[in-house]
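*Asks:* Structure in C-alpha cells, see below.
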Amino acid sequence: MGSKGPPLQDKGIFRNLPSFPSDITGLSAIVTGANGISGFHTMRVLLESPERWGKVYAISRRPPPPEMMALLPEEHRSRVHYVASDFLSKPEDIASALKNNHVTADAVFFYSYAQPKPEPGKGAWSNAQELVDVNSALLRNFLHALPISGIKPKRILLQTGAKNYGVHLGPARTPFTESDPRVDLEPNFYYPQEDILYNYCKEHPEASWNIMCPAWIIGAVNNAAMNALHPLAVYAAVQAHKNEVLAYPGDIGAWLGVCEHSTAMLTGYQSEWAVLEDRCKNQKFNASDSSPLPNNRLWPELGRWYGCKDIGRPELDDSKITTLDPGEIPTPLGYGPPAKPRFSFTLSDWATKPENHKAWQDIMKSHNLTHNPFEDVEAHFTFGDAAAWGLALALSMNKARYFGWTGYVDTLESLFKSYDELNKLGMLPPMVVEGARPLI
C-alpha cells in the first residue's frame, strides 16, 4: 500500500491531499469513539472512498446521534456498521460484541476517550491519575479483545494530542517535535496508552502502529465540552445580539501569540494517509492545519461572522489585568518561570451573568436551537478561556512533510465550516456572512 506517485487533490477547503493507487480496495476499518469529534470526522473521511474502505465499523457505547449522521450524505450513512460496546467492560464481552457483528479490520482508528469529572473548581486535567486509569483501561481492554475475536489488523492508529508535550503544565520548547522526550511532571495517560500499543504490536507482529498528535481540535459534533472554539462563537453571537463590543479577554501577549489548530477532518485525511503508507508504519506524527492563527486575526473575523459592530482589543492597563501565579513549580522546559496567564476577564465568569443567559435563550428561541451551554458553565466555557488567552502552541509538521504529507486547510475557513455545521446541529445560530476570509 502507498500513495507515492499519484497526483495531489483538493476536496473543498482541504488542499493538497494525497490520492492513492486504485488497487487499494476492499479494506475494512474500525473507528472507535465514532460519536466524538475526531472519530466522527475520520469516519466521514473513510466513507468518502467506498472502493477503498468497503466496510467501516463505528464502535462506541452509543451510536453517533441522528443529527450528526444527518451531516453525511445518505449513501455514506447507509454504509456505517454500528457496534455497541463499552471498553470499560471485560475484553471477553467486547470480543463477543465484535464477533456477533462479524467485525473485520485491516486498520483500527482508536479515538475512545473518557473525561472523569474533576473536583469542583479544579482544572479540566487536574485529576491526572484518574485520567490515566480510565483511558489506559479503554485501550487495553479493546486491544485484548482483538485476538479473542480473531481480528488481526495490519495497522492500529491511536490519537493522543498536544498534552503529550506537557503544554498544559507550562512553558516547553517549541515547536513541539515527535522526538521530544516525555514530560514526567505528573501522570499523563498518553504515555501508558502508547506503551500498551507498542507492547501489543510486539506481541502481534502482523500489526504496526501510528500515533497522531493534534492541537486544539476543530469539528462539529453535538458534544461541545472538548470543542474549545465553540464557546467563542457563543460569546460572539450573544455580544452581537446585545449590540455590545466583542471584547478580548486576554493580554497583549496572548493577542499577538500564534496558536495552531487541528481540523478534525484534515487530521482524518492525514490518519488515512498514515495507515496506508508502508513507510509510515510505527511512526508518530503531529497533526496541524499548517495555518498559524493569532487571536488578533481570529477576533475580527469572529465578530464579522456574527455581526458584532465593535471588535475589542486587549487591555493595556496592567492595573486591570489579573495574573494567575502558580508559584514556584517545575515546568516542561526544565528551567525558567511557570506560565502566568493574564486576562482582563474570563468567558467562564461572563457566562454566569443573567443577561447573557437571557440573550442566549432569546437566540435559541429565534433560531430553534436545542443546546444551551449556559446550563453547565464550567464544562462548556473552561476550554474556551484556555483557547482565548491561555494555551498558545506550535506543532512542528516537519516530520509529516519529510514522510510525504502535504495536506493543509486554512483554519479560518475550517472554523467557519464547523460553525455552519454546528448551526445545523442546533448548537449555534447562523452566521450573517457567506464565508470566511482566508489568511492569504
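Ordering of the C-alpha cells sets the chain letters (A, B, ...), residue numbers begin anew at 1 in every chain, and ligands are numbered from 1 in the order given.
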Counting only C-alpha atoms, what is within 10 Å of range 68-85 of chain A, bar same-chain residues fewer than 6 positions away, as a VMD selection string?
*Replies:* chain A and resid 30 to 32 34 to 35 40 43 to 44 46 to 50 53 to 62 93 to 98 100 to 103 142 220 to 222 421 to 422 424 to 425
*Asks:* Could those selected residues go to a file with N, CA and C atoms, as a short mmCIF file (atom, residue, chain, number, x, y, z; two decimals), in the first residue's frame?
*Replies:*
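Output file out_39.cif is given in full below:
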```cif
data_model
loop_
_atom_site.label_atom_id
_atom_site.label_comp_id
_atom_site.auth_asym_id
_atom_site.auth_seq_id
_atom_site.Cartn_x
_atom_site.Cartn_y
_atom_site.Cartn_z
N ILE A 30 -12.10 -0.27 11.67
CA ILE A 30 -12.80 0.01 12.92
C ILE A 30 -12.47 1.44 13.32
N VAL A 31 -13.50 2.22 13.62
CA VAL A 31 -13.33 3.56 14.19
C VAL A 31 -13.98 3.56 15.56
N THR A 32 -13.18 3.64 16.61
CA THR A 32 -13.76 3.67 17.96
C THR A 32 -14.01 5.13 18.36
N ALA A 34 -16.67 6.80 17.70
CA ALA A 34 -17.14 7.42 16.46
C ALA A 34 -18.18 8.51 16.68
N ASN A 35 -18.63 8.69 17.92
CA ASN A 35 -19.54 9.80 18.19
C ASN A 35 -18.80 11.00 18.76
N PHE A 40 -15.64 10.80 14.68
CA PHE A 40 -16.72 11.06 13.72
C PHE A 40 -16.16 11.58 12.40
N MET A 43 -14.28 8.92 10.44
CA MET A 43 -15.28 8.07 9.80
C MET A 43 -15.81 8.73 8.52
N ARG A 44 -16.04 10.04 8.56
CA ARG A 44 -16.51 10.75 7.37
C ARG A 44 -15.48 10.63 6.24
N LEU A 46 -13.23 8.22 5.72
CA LEU A 46 -13.19 6.87 5.16
C LEU A 46 -14.42 6.59 4.30
N LEU A 47 -15.57 7.11 4.71
CA LEU A 47 -16.80 6.87 3.97
C LEU A 47 -16.79 7.54 2.60
N GLU A 48 -15.91 8.52 2.39
CA GLU A 48 -15.81 9.17 1.08
C GLU A 48 -15.23 8.24 0.02
N SER A 49 -14.61 7.14 0.44
CA SER A 49 -13.92 6.25 -0.51
C SER A 49 -14.45 4.82 -0.37
N PRO A 50 -15.65 4.55 -0.89
CA PRO A 50 -16.27 3.23 -0.71
C PRO A 50 -15.49 2.10 -1.39
N TRP A 53 -12.48 1.63 1.19
CA TRP A 53 -12.94 1.18 2.50
C TRP A 53 -14.31 0.55 2.34
N GLY A 54 -14.32 -0.74 2.07
CA GLY A 54 -15.59 -1.43 1.81
C GLY A 54 -16.47 -1.51 3.04
N LYS A 55 -15.86 -1.61 4.23
CA LYS A 55 -16.64 -1.69 5.47
C LYS A 55 -16.03 -0.76 6.50
N VAL A 56 -16.90 0.03 7.13
CA VAL A 56 -16.49 0.94 8.20
C VAL A 56 -17.35 0.65 9.42
N TYR A 57 -16.71 0.17 10.48
CA TYR A 57 -17.41 -0.17 11.71
C TYR A 57 -17.21 0.95 12.72
N ALA A 58 -18.30 1.52 13.19
CA ALA A 58 -18.28 2.55 14.23
C ALA A 58 -18.58 1.88 15.56
N ILE A 59 -17.62 1.92 16.47
CA ILE A 59 -17.78 1.21 17.74
C ILE A 59 -17.68 2.20 18.89
N SER A 60 -18.73 2.26 19.69
CA SER A 60 -18.77 3.13 20.85
C SER A 60 -19.92 2.70 21.74
N ARG A 61 -20.01 3.29 22.91
CA ARG A 61 -21.13 2.94 23.80
C ARG A 61 -22.47 3.34 23.20
N ARG A 62 -22.48 4.50 22.56
CA ARG A 62 -23.71 4.99 21.94
C ARG A 62 -23.43 5.32 20.47
N ASP A 93 -16.23 -9.62 26.82
CA ASP A 93 -17.52 -9.02 26.44
C ASP A 93 -17.38 -8.17 25.18
N ILE A 94 -16.28 -7.44 25.10
CA ILE A 94 -16.03 -6.64 23.89
C ILE A 94 -15.87 -7.55 22.68
N ALA A 95 -15.11 -8.64 22.86
CA ALA A 95 -14.89 -9.59 21.77
C ALA A 95 -16.21 -10.22 21.32
N SER A 96 -17.08 -10.49 22.27
CA SER A 96 -18.39 -11.07 21.93
C SER A 96 -19.18 -10.13 21.03
N ALA A 97 -19.16 -8.82 21.35
CA ALA A 97 -19.86 -7.84 20.51
C ALA A 97 -19.25 -7.79 19.12
N LEU A 98 -17.92 -7.86 19.04
CA LEU A 98 -17.25 -7.82 17.73
C LEU A 98 -17.59 -9.06 16.91
N ASN A 100 -20.19 -11.13 17.27
CA ASN A 100 -21.62 -11.19 16.95
C ASN A 100 -21.98 -10.29 15.77
N ASN A 101 -21.18 -9.25 15.56
CA ASN A 101 -21.44 -8.33 14.44
C ASN A 101 -20.50 -8.57 13.26
N HIS A 102 -19.76 -9.70 13.30
CA HIS A 102 -18.90 -10.12 12.20
C HIS A 102 -17.92 -9.02 11.79
N VAL A 103 -17.34 -8.36 12.79
CA VAL A 103 -16.43 -7.24 12.53
C VAL A 103 -15.09 -7.75 12.01
N PHE A 142 -9.79 -3.04 24.86
CA PHE A 142 -10.12 -3.19 23.43
C PHE A 142 -9.07 -4.04 22.73
N ALA A 220 -17.46 19.59 14.10
CA ALA A 220 -18.85 19.73 14.54
C ALA A 220 -19.37 18.39 15.06
N VAL A 221 -19.61 18.34 16.36
CA VAL A 221 -20.31 17.23 17.00
C VAL A 221 -21.19 17.83 18.09
N ASN A 222 -22.18 17.06 18.53
CA ASN A 222 -23.10 17.65 19.50
C ASN A 222 -22.62 17.59 20.93
N GLU A 421 -21.83 23.89 10.45
CA GLU A 421 -22.37 22.57 10.77
C GLU A 421 -22.93 22.52 12.20
N LEU A 422 -22.32 23.27 13.11
CA LEU A 422 -22.86 23.35 14.47
C LEU A 422 -24.22 24.03 14.47
N LYS A 424 -26.36 23.60 12.00
CA LYS A 424 -27.24 22.52 11.55
C LYS A 424 -27.54 21.52 12.67
N LEU A 425 -26.61 21.42 13.64
CA LEU A 425 -26.84 20.54 14.79
C LEU A 425 -27.68 21.19 15.88
#
```
*Asks:* Which residues, written as an MDAnalysis selection string, have at least one atom at most 9 Å from Gly268 in chain A, with only C-alpha atoms counted and residues fewer than 2 positions away on the same chain left out?
*Replies:* chainID A and resid 38:39 41:46 263:266 270:273
*Asks:* Can you spit out the residues from that selection as a tab-separated table (two decimals), in the first residue's frame, using C-alpha atoms?
*Replies:*
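Output file part.tsv is given in full below:
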```
chain	number	residue	atom	x	y	z
A	38	SER	CA	-12.12	13.05	16.00
A	39	GLY	CA	-13.67	9.64	15.48
A	41	HIS	CA	-14.66	13.05	11.23
A	42	THR	CA	-12.24	10.23	10.47
A	43	MET	CA	-15.28	8.07	9.80
A	44	ARG	CA	-16.51	10.75	7.37
A	45	VAL	CA	-13.15	10.65	5.57
A	46	LEU	CA	-13.19	6.87	5.16
A	263	THR	CA	-9.26	20.46	11.96
A	264	ALA	CA	-10.67	17.02	12.70
A	265	MET	CA	-11.45	16.33	9.05
A	266	LEU	CA	-7.90	17.16	7.94
A	270	GLN	CA	-3.74	12.55	7.48
A	271	SER	CA	-4.62	9.49	9.57
A	272	GLU	CA	-5.87	7.63	6.50
A	273	TRP	CA	-2.63	8.53	4.71
```
*Asks:* Compare A:Val238, A:Ile211, A:Val132, A:Ala172 by their minimum atom-to-atom distance to Phe110 in chain A, counting only C-alpha atoms, and give me the closest one.
*Replies:*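 Closest residue, counting only C-alpha atoms: A:Ile211.
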*Asks:* Val258 in chain A: which residues within 7 Å, counting only C-alpha atoms, same-chain residues fewer than 5 positions away excluded, as a list in words?
*Replies:*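 In the requested form, the answer reads Pro292, Leu293, Pro294 and Ala392 of chain A.
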*Asks:* The selected residues should be written to file as a PDB file, in the first residue's frame (atoms: C-alpha atoms).
*Replies:*
```
ATOM      1  CA  PRO A 292      -0.953  29.557  12.305  1.00  0.00           C
ATOM      2  CA  LEU A 293      -3.699  31.798  13.695  1.00  0.00           C
ATOM      3  CA  PRO A 294      -3.176  34.512  16.335  1.00  0.00           C
ATOM      4  CA  ALA A 392      -0.803  29.091  22.588  1.00  0.00           C
TER       5      ALA A 392
END
```
*Asks:* Name the residues of range 31-216 of chain A that come out as helix (DSSP H, G or I) in a backbone DSSP run; write them as number ranges by chain.
*Replies:* A: 37-47, 66-69, 74-77, 91-100, 128-149, 162-165, 167-169, 190-203
*Asks:* Any idea what's packed within 10 Å of Gln283 in chain A, counting only C-alpha atoms, ignoring anything in its chain fewer than 6 positions away? Could you give it as a list of chain:residue names?
*Replies:*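 What passes the distance filter is A:Leu157, A:Glu178, A:Ser208, A:Trp209, A:Asn210, A:Ile211, A:Met212, A:Ala274, A:Val275, A:Lys399, A:Ala400, A:Phe403.
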*Asks:* Mind giving me the straight-line distance from CA of Ser126 in chain A to CA of Pro337 in chain A in Å, one decimal?
*Replies:*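 If I compute the distance from CA of Ser126 in chain A to CA of Pro337 in chain A, I get 20.1 Å.
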*Asks:* Ranking A:His367, A:Lys417, A:His261, A:Lys320 by minimum distance to Ala228 in chain A and counting only C-alpha atoms, which one comes first?
*Replies:* A:His261
